[in-house]
Amino acid sequence: MGWEFIAFFFGAAAIGIFFLFIVLIIALLKWLLQGYFLFRVAEIKGYHLPFLAFLPFGTFYIGGQAYDGNIMKKGSFEPKQLGLAFVIGGLVLYIMGLSIGDIAITYVLMESIAFVGIFTAYVKQPVLGVLLALLNAVTGGIAAIIILFLYSRKLREEHDGSQLFKENNDSDKSHPNDPNLNRDI
């Protein structure tokens, strides 16, 4: 009877370690993907210190900067101060967590609240931004990866489109020998 218990214990421990390893890999992928897409959005939008997107509480700082002009009136607060307020609030709530589960849930909720500004900038309506933040909280942060990916593509297309438009207008002026330049078609 003793050997069966030991074999069962080691088998359960091996399965537990395997599942813990899988969860760790998924968490690492989530962190890297979310950080990368948040970095792209912050870089295109010109937020202060976009590299903080890869740090756990740096996401709060980037997300807080997105509140300026999307949730709050543009220029009513300094975006850096809003981001810093989110970081301090997140740290206080994180430290107040009573257990590992509470800490993880608190972090996902604070991240969702910080991302309301980015989600609202993407969908252009505050109510939908809040609903996307709720979806992000329910999915454990997976929705943020998808939304940040779509928003970064949208910003990149707008940015590239404006550059292409500018280049096309400049190219018209740079070719004075073009026979169609001053012609009404």
# chains A, B, ... in the order shown; residues from 1 in each chain; ligands from 1
>>> residues_around(residues="region 152-159 of chain A", least_positions_apart="2", cutoff="8 Å", atoms="only C-alpha atoms", output="mmCIF file with all heavy atoms, in the first residue's frame")
data_model
loop_
_atom_site.group_PDB
_atom_site.id
_atom_site.type_symbol
_atom_site.label_atom_id
_atom_site.label_comp_id
_atom_site.auth_asym_id
_atom_site.auth_seq_id
_atom_site.Cartn_x
_atom_site.Cartn_y
_atom_site.Cartn_z
ATOM 1 N N PHE A 37 2.822 44.857 -28.617
ATOM 2 C CA PHE A 37 1.779 45.651 -29.271
ATOM 3 C C PHE A 37 1.520 46.956 -28.534
ATOM 4 O O PHE A 37 1.257 47.990 -29.160
ATOM 5 C CB PHE A 37 0.494 44.832 -29.431
ATOM 6 C CG PHE A 37 0.643 43.686 -30.378
ATOM 7 C CD1 PHE A 37 0.280 42.406 -30.003
ATOM 8 C CD2 PHE A 37 1.168 43.868 -31.641
ATOM 9 C CE1 PHE A 37 0.425 41.338 -30.877
ATOM 10 C CE2 PHE A 37 1.326 42.814 -32.521
ATOM 11 C CZ PHE A 37 0.956 41.543 -32.141
ATOM 12 N N LEU A 38 1.636 46.949 -27.209
ATOM 13 C CA LEU A 38 1.496 48.195 -26.457
ATOM 14 C C LEU A 38 2.653 49.133 -26.772
ATOM 15 O O LEU A 38 2.469 50.347 -26.896
ATOM 16 C CB LEU A 38 1.409 47.908 -24.958
ATOM 17 C CG LEU A 38 1.171 49.099 -24.048
ATOM 18 C CD1 LEU A 38 -0.146 49.790 -24.386
ATOM 19 C CD2 LEU A 38 1.176 48.662 -22.598
ATOM 20 N N ARG A 40 4.271 49.265 -29.628
ATOM 21 C CA ARG A 40 4.012 49.817 -30.961
ATOM 22 C C ARG A 40 3.005 50.952 -30.903
ATOM 23 O O ARG A 40 3.186 51.991 -31.544
ATOM 24 C CB ARG A 40 3.516 48.727 -31.904
ATOM 25 C CG ARG A 40 4.623 47.813 -32.362
ATOM 26 C CD ARG A 40 4.176 46.747 -33.304
ATOM 27 N NE ARG A 40 3.438 47.288 -34.439
ATOM 28 C CZ ARG A 40 2.893 46.552 -35.383
ATOM 29 N NH1 ARG A 40 3.008 45.243 -35.339
ATOM 30 N NH2 ARG A 40 2.240 47.088 -36.379
ATOM 31 N N VAL A 41 1.923 50.772 -30.141
ATOM 32 C CA VAL A 41 0.904 51.825 -30.006
ATOM 33 C C VAL A 41 1.522 53.051 -29.345
ATOM 34 O O VAL A 41 1.335 54.184 -29.811
ATOM 35 C CB VAL A 41 -0.318 51.316 -29.206
ATOM 36 C CG1 VAL A 41 -1.222 52.461 -28.801
ATOM 37 C CG2 VAL A 41 -1.089 50.286 -30.003
ATOM 38 N N ILE A 44 3.893 54.916 -31.775
ATOM 39 C CA ILE A 44 3.213 55.643 -32.844
ATOM 40 C C ILE A 44 2.488 56.866 -32.285
ATOM 41 O O ILE A 44 2.511 57.937 -32.885
ATOM 42 C CB ILE A 44 2.233 54.717 -33.590
ATOM 43 C CG1 ILE A 44 2.997 53.636 -34.348
ATOM 44 C CG2 ILE A 44 1.356 55.505 -34.558
ATOM 45 C CD1 ILE A 44 2.124 52.529 -34.890
ATOM 46 N N LEU A 148 -4.930 45.513 -28.862
ATOM 47 C CA LEU A 148 -3.700 46.261 -29.109
ATOM 48 C C LEU A 148 -3.116 45.932 -30.479
ATOM 49 O O LEU A 148 -2.578 46.810 -31.160
ATOM 50 C CB LEU A 148 -2.675 45.981 -28.011
ATOM 51 C CG LEU A 148 -2.977 46.600 -26.649
ATOM 52 C CD1 LEU A 148 -2.053 46.033 -25.594
ATOM 53 C CD2 LEU A 148 -2.885 48.106 -26.713
ATOM 54 N N PHE A 149 -3.205 44.668 -30.888
ATOM 55 C CA PHE A 149 -2.746 44.286 -32.220
ATOM 56 C C PHE A 149 -3.541 45.024 -33.293
ATOM 57 O O PHE A 149 -2.961 45.621 -34.212
ATOM 58 C CB PHE A 149 -2.884 42.771 -32.404
ATOM 59 C CG PHE A 149 -2.718 42.320 -33.829
ATOM 60 C CD1 PHE A 149 -1.484 42.360 -34.438
ATOM 61 C CD2 PHE A 149 -3.809 41.859 -34.545
ATOM 62 C CE1 PHE A 149 -1.336 41.946 -35.756
ATOM 63 C CE2 PHE A 149 -3.665 41.446 -35.855
ATOM 64 C CZ PHE A 149 -2.428 41.490 -36.466
ATOM 65 N N LEU A 150 -4.875 45.015 -33.177
ATOM 66 C CA LEU A 150 -5.713 45.692 -34.174
ATOM 67 C C LEU A 150 -5.483 47.197 -34.164
ATOM 68 O O LEU A 150 -5.424 47.831 -35.220
ATOM 69 C CB LEU A 150 -7.191 45.369 -33.909
ATOM 70 C CG LEU A 150 -7.597 43.910 -34.117
ATOM 71 C CD1 LEU A 150 -9.024 43.689 -33.642
ATOM 72 C CD2 LEU A 150 -7.431 43.507 -35.563
ATOM 73 N N GLY A 161 -0.377 55.833 -44.408
ATOM 74 C CA GLY A 161 -1.233 56.490 -45.391
ATOM 75 C C GLY A 161 -0.981 57.979 -45.455
ATOM 76 O O GLY A 161 -0.936 58.571 -46.526
ATOM 77 N N SER A 162 -0.779 58.609 -44.289
ATOM 78 C CA SER A 162 -0.502 60.045 -44.296
ATOM 79 C C SER A 162 0.868 60.323 -44.886
ATOM 80 O O SER A 162 1.056 61.310 -45.577
ATOM 81 C CB SER A 162 -0.610 60.617 -42.882
ATOM 82 O OG SER A 162 0.413 60.093 -42.052
ATOM 83 N N GLN A 163 1.843 59.425 -44.620
ATOM 84 C CA GLN A 163 3.163 59.597 -45.216
ATOM 85 C C GLN A 163 3.100 59.399 -46.731
ATOM 86 O O GLN A 163 3.735 60.127 -47.486
ATOM 87 C CB GLN A 163 4.160 58.589 -44.615
ATOM 88 C CG GLN A 163 4.519 58.871 -43.188
ATOM 89 C CD GLN A 163 5.384 60.111 -43.033
ATOM 90 O OE1 GLN A 163 5.615 60.871 -43.958
ATOM 91 N NE2 GLN A 163 5.849 60.338 -41.827
#
>>> closest_residue(among="A:Ile146, A:Ile6, A:Ile71, A:Leu84", to="Leu128 (chain A)", atoms="only C-alpha atoms")
A:Ile71
>>> atom_distance(atom1="CA of Leu93 (chain A)", atom2="CA of Phe115 (chain A)")
16.5 Å
>>> residues_around(residues="region 129-132 of chain A", least_positions_apart="3", cutoff="7 Å", atoms="only C-alpha atoms", output="ChimeraX atom specification")
/A:116,119-120,123,125-126,135-136
>>> residues_around(residues="Val87 (chain A)", least_positions_apart="2", cutoff="10 Å", atoms="only C-alpha atoms", output="VMD selection string")
chain A and resid 56 to 64 81 to 85 89 to 93 110 to 111 114
>>> select_by_dssp(residues="chain A", states="helix (DSSP H, G or I)", output="PyMOL selection string")
chain A and resi 2-45+50-54+58-65+79-95+100-114+116-123+126-138+142-173
>>> closest_residue(among="A:Ile142, A:Ala121, A:Ile105, A:Val127", to="Trp31 (chain A)", atoms="only C-alpha atoms")
A:Ile142
>>> atom_distance(atom1="CA of Ile113 (chain A)", atom2="CA of Phe21 (chain A)")
28.9 Å
>>> closest_residue(among="A:Phe51, A:Trp3, A:Phe19, A:Phe39", to="Tyr151 (chain A)", atoms="only C-alpha atoms")
A:Phe39
>>> atom_distance(atom1="CA of Ser112 (chain A)", atom2="CA of Ala133 (chain A)")
4.9 Å
